[in-house]
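All remarks here apply to the structure that follows.
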Amino acid sequence: MGLITGQFNEAFNPIMDGVTNVVRNYACWLNRKYGISYVITPHFPNYVDKEEFEVLRYHSISVPTRPPYRTGVPALDIQFMRRIRNIPFDIVHAHSPFSAGRIAMNIAHKRGIPVVASFHSKYYDDLLESLKFESAAKIGVSVIVDFYNSADFVWTVNNATAGTLREYGYKGHIEVVNNGTEYETAEDRKAAGHMVNEKLNLKPEDLVFLFVGQLVWQKNLKVLINALDLLRNMGMDYKMLIAGMGYAEEDLKKMVEELNLTDRVIFLGPVYDREYLKSLFCRADLLLFPSVYDNASIVVQEAASQKCPPLLIKGSNTAEGIIDGENGLLSDNSPEAISQRIYDAVHQSDLSRIGERAHETLYRNWESIVDEVYGRYKEIVNAYKRIRA
């Protein structure tokens with residue numbers, strides 16, 4: 001007999017970010033192999049869910065400082081509240097400390113079932129960006145830490161992220177549960193790359209860099225664009241593909257235009273076609289991901305699945321497991337350092353070999369991850385039943 005599980009998060013499709021990816025794959029593989037799984041998330045206007053599992057949505061309002069994100073107001077949604085009361089969850093999993101996570105926490109405490117809370121994001125950075133005041137951001141973080149203190153089990157995506165949660169003030173037990181990717185390695189990467197060449201009018205000999213993620217300042221994108229400018233001045237010819245959407249998109253395009261990089265930088269917008277995104281990883285010679293905000297970005301695993309090596313920032317959470325020059329590239333956090341590291345790697349290193357090692361050491365598929373997650377869920381549910389008996 002499988003489990004009835006709920007994955008609760010503040011964002012889901014069509015908002016494409018790392019946590020959405022986690023939630024979708026948890027629900028997908030749990031629903032396919034281990035029982036019934038639901039996703040619980042705020043309503044998104046004019047979007048119709050087409051998942052193989054049920055997505056339960058509740059009333060929401062926009063977040064003016066973080067489009068396209070929305071925050072939920074479940075108390076105003078009587079139909080949702082009636083539906084959620086009738087689902088006999090065995091365990092609930094909160095992937096957000098906000099409205100969705102608090103629904104999960106309330107269900108668990110009222111019904112006497114276990115609640116797992118995953119810590120995915122650097123919430124202090126988000127709050128500071130939105131609220132603009134350090135004191136307000138710190139108060140927000142203390143409320144978030146209280147949320148994790150109320151959970152039965154707390155998970156993070158890697159050891160560095162556990163360290164971030166500790167820095168926020170959490171003192172309880174933490175389990176590390178890694179992320180994965182749904183991608184299988186392409187049988188013919190050259191063919192996939194050729195399709196991208198035709199679609200984007202690229203030449204087979206073009207050196208191609210790729211960024212995939214939200215177009216928000218927290219991703220360190222000003223530094224990236226300035227590094228691309230320096231690379232051009234160093235005489236390097238390249239094409240930079242930027243896939244994603246976010247509040248900083250128009251300002252980034254303006255920055256690219258002012259630096260006269262429009263012939264080199266191609267904004268693709270949000271890429272919803274997962275097979276096309278996979279082809280982009282096949283075509284790219286290097287993933288440029290300079291974020292010091294992300295904890296364990298899934299885009300690194302997605303790139304590794306197609307043998308595309310990443311460039312990351314030394315000491316960042318998402319750089320955990322990267323050995324410079326072995327399975328990726330590491331750089332100090334400045335345009336000068338990033339541009340020089342890329343220049344040296346292109347001229348002195350074998351990027352194909354580094355991509356092979358990235359594939360060998362970083363890549364894991366979601367099915368194997370969720371097999372482990374289900375095993376842990378079963379242990380938690382059984383232990384909880386024994387304690388409550």
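Labels for the structure tokens follow display order: chains A, B, ..., residues from 1 in each chain, ligands from 1.
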TODO: Using only C-alpha atoms, determine which residues lie at most 9 Å from region 30-34 of chain A, disregarding the query and same-chain residues fewer than 2 positions distant; provide the list as a ChimeraX atom specification.
DONE: /A:1-5,25-28,36-38,52-53,367,370-371,373-374
TODO: Name the residues of region 135-287 of chain A that come out as helix (DSSP H, G or I) in a backbone DSSP run; write them as a PyMOL selection string.
DONE: chain A and resi 135-149+159-168+189-200+217-219+221-233+249-258+274-283
Task: Counting only C-alpha atoms, the residue of A:Ala358, A:Ile84, A:Ile91, A:Met195 that sits nearest Asn382 (chain A) - done: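 Of A:Ala358, A:Ile84, A:Ile91, A:Met195, the one nearest Asn382 (chain A), counting only C-alpha atoms, is A:Ile91.
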TODO: Counting only C-alpha atoms, figure out which residue out of A:Asp17, A:Asp350, A:Glu302, A:Asp251 gets nearest to Leu280 (chain A).
DONE: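 With only C-alpha atoms as the atom set, the closest residue is A:Glu302.
For the choices A:Ile338, A:Leu268, A:Ile354, A:Ala75, the atom-to-atom distance to Pro310 (chain A) is smallest for A:Ile354 when using only C-alpha atoms.
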Open item on the list: Nearest residue to Val143 (chain A) out of A:Val271, A:Asp344, A:Phe98, A:Val176, using only C-alpha atoms?
Closed with: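 Closest to Val143 (chain A), using only C-alpha atoms: A:Phe98.
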Task: Length of the CA of Tyr168 (chain A) to CA of Val145 (chain A) vector [Å] - done: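 Interatomic distance here is 7.0 Å.
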Open item on the list: Just list as number ranges by chain whatever in region 165-333 of chain A DSSP marks as strand (DSSP E).
Closed with: A: 175-176, 208-212, 239-243, 265-269, 286-288, 310-313, 329-331
- [ ] Mind checking which residues fall within 8 Å of His359 (chain A), counting only C-alpha atoms, ignoring those fewer than 3 positions away in the same chain, and posting them as a PyMOL selection string?
- [x] chain A and resi 304-308+355-356+362-363
Now that the selection is made, can you save its residues with N, CA and C atoms as a short mmCIF file (atom, residue, chain, number, x, y, z; two decimals), in the first residue's frame?
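See out11.cif below for the written result:
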data_model
loop_
_atom_site.label_atom_id
_atom_site.label_comp_id
_atom_site.auth_asym_id
_atom_site.auth_seq_id
_atom_site.Cartn_x
_atom_site.Cartn_y
_atom_site.Cartn_z
N ALA A 304 25.01 19.04 -16.44
CA ALA A 304 25.87 17.87 -16.30
C ALA A 304 25.26 16.65 -16.98
N SER A 305 23.94 16.56 -17.00
CA SER A 305 23.28 15.41 -17.64
C SER A 305 23.62 15.34 -19.12
N GLN A 306 23.92 16.51 -19.73
CA GLN A 306 24.26 16.55 -21.16
C GLN A 306 25.74 16.87 -21.38
N LYS A 307 26.54 16.67 -20.33
CA LYS A 307 28.00 16.81 -20.40
C LYS A 307 28.45 18.24 -20.70
N CYS A 308 27.65 19.20 -20.22
CA CYS A 308 28.00 20.62 -20.34
C CYS A 308 28.60 21.07 -19.01
N GLY A 355 33.35 18.37 -19.04
CA GLY A 355 31.93 18.02 -19.14
C GLY A 355 31.67 16.56 -18.87
N GLU A 356 32.56 15.70 -19.34
CA GLU A 356 32.43 14.26 -19.06
C GLU A 356 32.50 13.99 -17.56
N LEU A 362 28.27 14.68 -11.00
CA LEU A 362 27.21 15.58 -10.55
C LEU A 362 25.81 15.10 -10.91
N TYR A 363 25.70 14.29 -11.95
CA TYR A 363 24.40 13.95 -12.51
C TYR A 363 23.72 12.80 -11.76
#
Open item on the list: Can you pull out the residues contacting region 328-337 of chain A? Cut-off 10 Å, using only C-alpha atoms, and skip same-chain residues under 5 positions away; I want them as number ranges by chain.
Closed with: A: 220, 222-231, 286-288, 290-292, 300, 304, 308-316, 319, 321-323, 342-343, 345, 351, 353-358, 362
Export of prior selection with N, CA and C atoms as a compact mmCIF listing (two decimals), in the first residue's frame:
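What ended up in part_24.txt:
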# COMPACT_ATOMS: atom_id res chain seq x y z
N ASN A 220 23.21 37.58 -9.81
CA ASN A 220 24.55 38.12 -10.11
C ASN A 220 24.71 38.40 -11.60
N LYS A 222 24.43 41.25 -13.36
CA LYS A 222 25.23 42.42 -13.75
C LYS A 222 26.69 42.04 -13.89
N VAL A 223 27.17 41.25 -12.94
CA VAL A 223 28.56 40.79 -12.99
C VAL A 223 28.78 39.94 -14.24
N LEU A 224 27.82 39.08 -14.56
CA LEU A 224 27.94 38.23 -15.74
C LEU A 224 28.03 39.05 -17.03
N ILE A 225 27.13 40.03 -17.19
CA ILE A 225 27.12 40.84 -18.41
C ILE A 225 28.42 41.64 -18.53
N ASN A 226 28.90 42.16 -17.41
CA ASN A 226 30.16 42.90 -17.45
C ASN A 226 31.33 41.98 -17.80
N ALA A 227 31.28 40.72 -17.35
CA ALA A 227 32.32 39.75 -17.70
C ALA A 227 32.28 39.46 -19.20
N LEU A 228 31.08 39.38 -19.78
CA LEU A 228 30.95 39.16 -21.22
C LEU A 228 31.53 40.33 -22.00
N ASP A 229 31.33 41.53 -21.49
CA ASP A 229 31.92 42.71 -22.12
C ASP A 229 33.44 42.63 -22.12
N LEU A 230 34.01 42.23 -20.99
CA LEU A 230 35.47 42.10 -20.90
C LEU A 230 35.97 41.01 -21.85
N LEU A 231 35.23 39.91 -21.95
CA LEU A 231 35.63 38.84 -22.87
C LEU A 231 35.69 39.34 -24.31
N LEU A 286 29.65 25.79 -22.37
CA LEU A 286 29.87 26.13 -20.96
C LEU A 286 28.61 26.76 -20.40
N LEU A 287 28.17 26.28 -19.24
CA LEU A 287 27.09 26.90 -18.48
C LEU A 287 27.71 27.98 -17.59
N LEU A 288 27.26 29.21 -17.75
CA LEU A 288 27.74 30.30 -16.90
C LEU A 288 26.67 30.59 -15.86
N PRO A 290 26.77 32.42 -12.34
CA PRO A 290 27.56 33.11 -11.32
C PRO A 290 26.81 33.41 -10.03
N SER A 291 25.63 32.83 -9.85
CA SER A 291 24.81 33.15 -8.68
C SER A 291 25.47 32.73 -7.37
N VAL A 292 25.45 33.65 -6.41
CA VAL A 292 25.84 33.30 -5.04
C VAL A 292 24.59 33.24 -4.16
N VAL A 300 22.60 23.14 -12.75
CA VAL A 300 23.94 22.55 -12.81
C VAL A 300 23.84 21.06 -13.13
N ALA A 304 25.01 19.04 -16.44
CA ALA A 304 25.87 17.87 -16.30
C ALA A 304 25.26 16.65 -16.98
N CYS A 308 27.65 19.20 -20.22
CA CYS A 308 28.00 20.62 -20.34
C CYS A 308 28.60 21.07 -19.01
N PRO A 309 29.86 21.49 -18.98
CA PRO A 309 30.48 21.87 -17.71
C PRO A 309 30.00 23.23 -17.22
N PRO A 310 29.93 23.43 -15.88
CA PRO A 310 29.49 24.70 -15.34
C PRO A 310 30.65 25.59 -14.90
N LEU A 311 30.44 26.89 -14.96
CA LEU A 311 31.31 27.85 -14.27
C LEU A 311 30.50 28.44 -13.13
N LEU A 312 31.03 28.31 -11.91
CA LEU A 312 30.35 28.77 -10.70
C LEU A 312 31.30 29.63 -9.88
N ILE A 313 30.76 30.27 -8.86
CA ILE A 313 31.55 31.16 -8.01
C ILE A 313 32.12 30.39 -6.82
N LYS A 314 33.40 30.57 -6.59
CA LYS A 314 34.07 29.91 -5.45
C LYS A 314 33.32 30.21 -4.15
N GLY A 315 33.10 29.18 -3.36
CA GLY A 315 32.48 29.37 -2.05
C GLY A 315 30.98 29.51 -2.06
N SER A 316 30.35 29.57 -3.23
CA SER A 316 28.89 29.65 -3.28
C SER A 316 28.30 28.30 -2.92
N ALA A 319 28.16 25.69 -5.61
CA ALA A 319 29.44 25.16 -6.08
C ALA A 319 29.92 23.96 -5.28
N GLY A 321 30.81 20.47 -4.30
CA GLY A 321 31.09 19.29 -5.11
C GLY A 321 31.87 19.59 -6.38
N ILE A 322 32.12 20.86 -6.67
CA ILE A 322 32.86 21.23 -7.88
C ILE A 322 34.36 21.33 -7.55
N ILE A 323 35.17 20.66 -8.34
CA ILE A 323 36.63 20.77 -8.26
C ILE A 323 37.09 21.52 -9.49
N ILE A 342 37.13 32.13 -17.82
CA ILE A 342 36.56 31.61 -19.06
C ILE A 342 37.62 31.62 -20.17
N TYR A 343 38.33 32.72 -20.31
CA TYR A 343 39.34 32.85 -21.35
C TYR A 343 40.41 31.76 -21.22
N ALA A 345 40.15 28.90 -19.61
CA ALA A 345 39.59 27.56 -19.79
C ALA A 345 39.40 27.23 -21.27
N LEU A 351 37.37 21.44 -22.38
CA LEU A 351 36.02 21.57 -21.83
C LEU A 351 35.21 20.30 -21.99
N ARG A 353 36.34 17.22 -21.77
CA ARG A 353 36.74 16.32 -20.67
C ARG A 353 36.10 16.76 -19.36
N ILE A 354 36.09 18.06 -19.09
CA ILE A 354 35.48 18.57 -17.86
C ILE A 354 33.98 18.25 -17.86
N GLY A 355 33.35 18.37 -19.04
CA GLY A 355 31.93 18.02 -19.14
C GLY A 355 31.67 16.56 -18.87
N GLU A 356 32.56 15.70 -19.34
CA GLU A 356 32.43 14.26 -19.06
C GLU A 356 32.50 13.99 -17.56
N ARG A 357 33.44 14.65 -16.89
CA ARG A 357 33.59 14.45 -15.44
C ARG A 357 32.40 15.04 -14.68
N ALA A 358 31.86 16.15 -15.17
CA ALA A 358 30.65 16.70 -14.55
C ALA A 358 29.52 15.68 -14.64
N LEU A 362 28.27 14.68 -11.00
CA LEU A 362 27.21 15.58 -10.55
C LEU A 362 25.81 15.10 -10.91
Task: Which of A:Asp285, A:Glu250, A:Glu184, A:Glu258 sits closest to Asp206 (chain A) [using only C-alpha atoms] - done: A:Asp285
Kindly assemble as JSON lines a list of the region 123-184 of chain A residues that lie within 12 Å of region 208-216 of chain A, each paired with its nearest atom pair and their distance in Å to one decimal, using only C-alpha atoms, sorted first by chain and then by ascending residue number.
{"residue": "A:Asp125", "atom": "CA", "partner": "A:Val216", "partner_atom": "CA", "distance": 11.5}
{"residue": "A:Asp126", "atom": "CA", "partner": "A:Val216", "partner_atom": "CA", "distance": 10.3}
{"residue": "A:Glu129", "atom": "CA", "partner": "A:Val216", "partner_atom": "CA", "distance": 10.0}
{"residue": "A:Ser130", "atom": "CA", "partner": "A:Val216", "partner_atom": "CA", "distance": 11.8}
Skip Ile139 (chain A) itself and residues of its chain fewer than 5 positions away, then list as a PDB file with N, CA and C atoms, in the first residue's frame all residues within 12 Å of it, counting only C-alpha atoms.
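File written: around10.pdb
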ATOM      1  N   TYR A 123      16.275  33.109   1.915  1.00  0.00           N
ATOM      2  CA  TYR A 123      15.130  33.991   2.104  1.00  0.00           C
ATOM      3  C   TYR A 123      15.537  35.388   2.547  1.00  0.00           C
ATOM      4  N   TYR A 124      16.660  35.505   3.253  1.00  0.00           N
ATOM      5  CA  TYR A 124      17.109  36.837   3.670  1.00  0.00           C
ATOM      6  C   TYR A 124      17.345  37.716   2.450  1.00  0.00           C
ATOM      7  N   LEU A 127      13.984  38.754   0.994  1.00  0.00           N
ATOM      8  CA  LEU A 127      13.299  39.737   1.831  1.00  0.00           C
ATOM      9  C   LEU A 127      13.969  41.098   1.750  1.00  0.00           C
ATOM     10  N   LEU A 128      15.297  41.104   1.714  1.00  0.00           N
ATOM     11  CA  LEU A 128      16.014  42.373   1.627  1.00  0.00           C
ATOM     12  C   LEU A 128      15.724  43.050   0.291  1.00  0.00           C
ATOM     13  N   LEU A 131      11.904  44.203   0.752  1.00  0.00           N
ATOM     14  CA  LEU A 131      11.582  45.145   1.831  1.00  0.00           C
ATOM     15  C   LEU A 131      12.541  46.324   1.920  1.00  0.00           C
ATOM     16  N   PHE A 133      14.964  47.029   3.756  1.00  0.00           N
ATOM     17  CA  PHE A 133      15.518  47.359   5.069  1.00  0.00           C
ATOM     18  C   PHE A 133      16.066  46.109   5.739  1.00  0.00           C
ATOM     19  N   GLU A 134      17.301  46.168   6.237  1.00  0.00           N
ATOM     20  CA  GLU A 134      17.915  45.007   6.880  1.00  0.00           C
ATOM     21  C   GLU A 134      17.130  44.566   8.099  1.00  0.00           C
ATOM     22  N   ILE A 144      10.687  32.926   9.728  1.00  0.00           N
ATOM     23  CA  ILE A 144      10.948  31.732   8.922  1.00  0.00           C
ATOM     24  C   ILE A 144      11.619  30.651   9.751  1.00  0.00           C
ATOM     25  N   VAL A 145      12.581  31.031  10.598  1.00  0.00           N
ATOM     26  CA  VAL A 145      13.242  30.052  11.468  1.00  0.00           C
ATOM     27  C   VAL A 145      12.232  29.424  12.422  1.00  0.00           C
ATOM     28  N   ASP A 146      11.290  30.225  12.921  1.00  0.00           N
ATOM     29  CA  ASP A 146      10.229  29.678  13.783  1.00  0.00           C
ATOM     30  C   ASP A 146       9.431  28.610  13.036  1.00  0.00           C
ATOM     31  N   TYR A 168      21.022  31.445   9.866  1.00  0.00           N
ATOM     32  CA  TYR A 168      19.757  32.125  10.148  1.00  0.00           C
ATOM     33  C   TYR A 168      19.309  31.929  11.596  1.00  0.00           C
ATOM     34  N   GLY A 169      19.882  30.937  12.277  1.00  0.00           N
ATOM     35  CA  GLY A 169      19.552  30.728  13.683  1.00  0.00           C
ATOM     36  C   GLY A 169      18.893  29.409  14.002  1.00  0.00           C
TER      37      GLY A 169
END
Task: Counting only C-alpha atoms, the residue of A:Ile113, A:Ala296, A:Ala137, A:Ile78 that sits nearest Ala160 (chain A) - done: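 Nearest candidate to Ala160 (chain A) out of A:Ile113, A:Ala296, A:Ala137, A:Ile78: A:Ala296.
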Open item on the list: Just want the 9 Å neighbourhood of Thr71 (chain A), counted on only C-alpha atoms, with same-chain residues fewer than 2 positions away dropped. Output as a list in words.
Closed with: Glu10, Ala11, Pro42, His43, His59, Ser60, Ile61, Ser62, Val63, Tyr69, Val73, Phe98, Ser99 and Ala100 of chain A
- [ ] For Pro204 (chain A), work out the shell of residues within 9 Å, counting only C-alpha atoms and skipping chain neighbours fewer than 4 positions away, then give it as JSON, numbers by chain.
- [x] {"A": [193, 194, 197]}
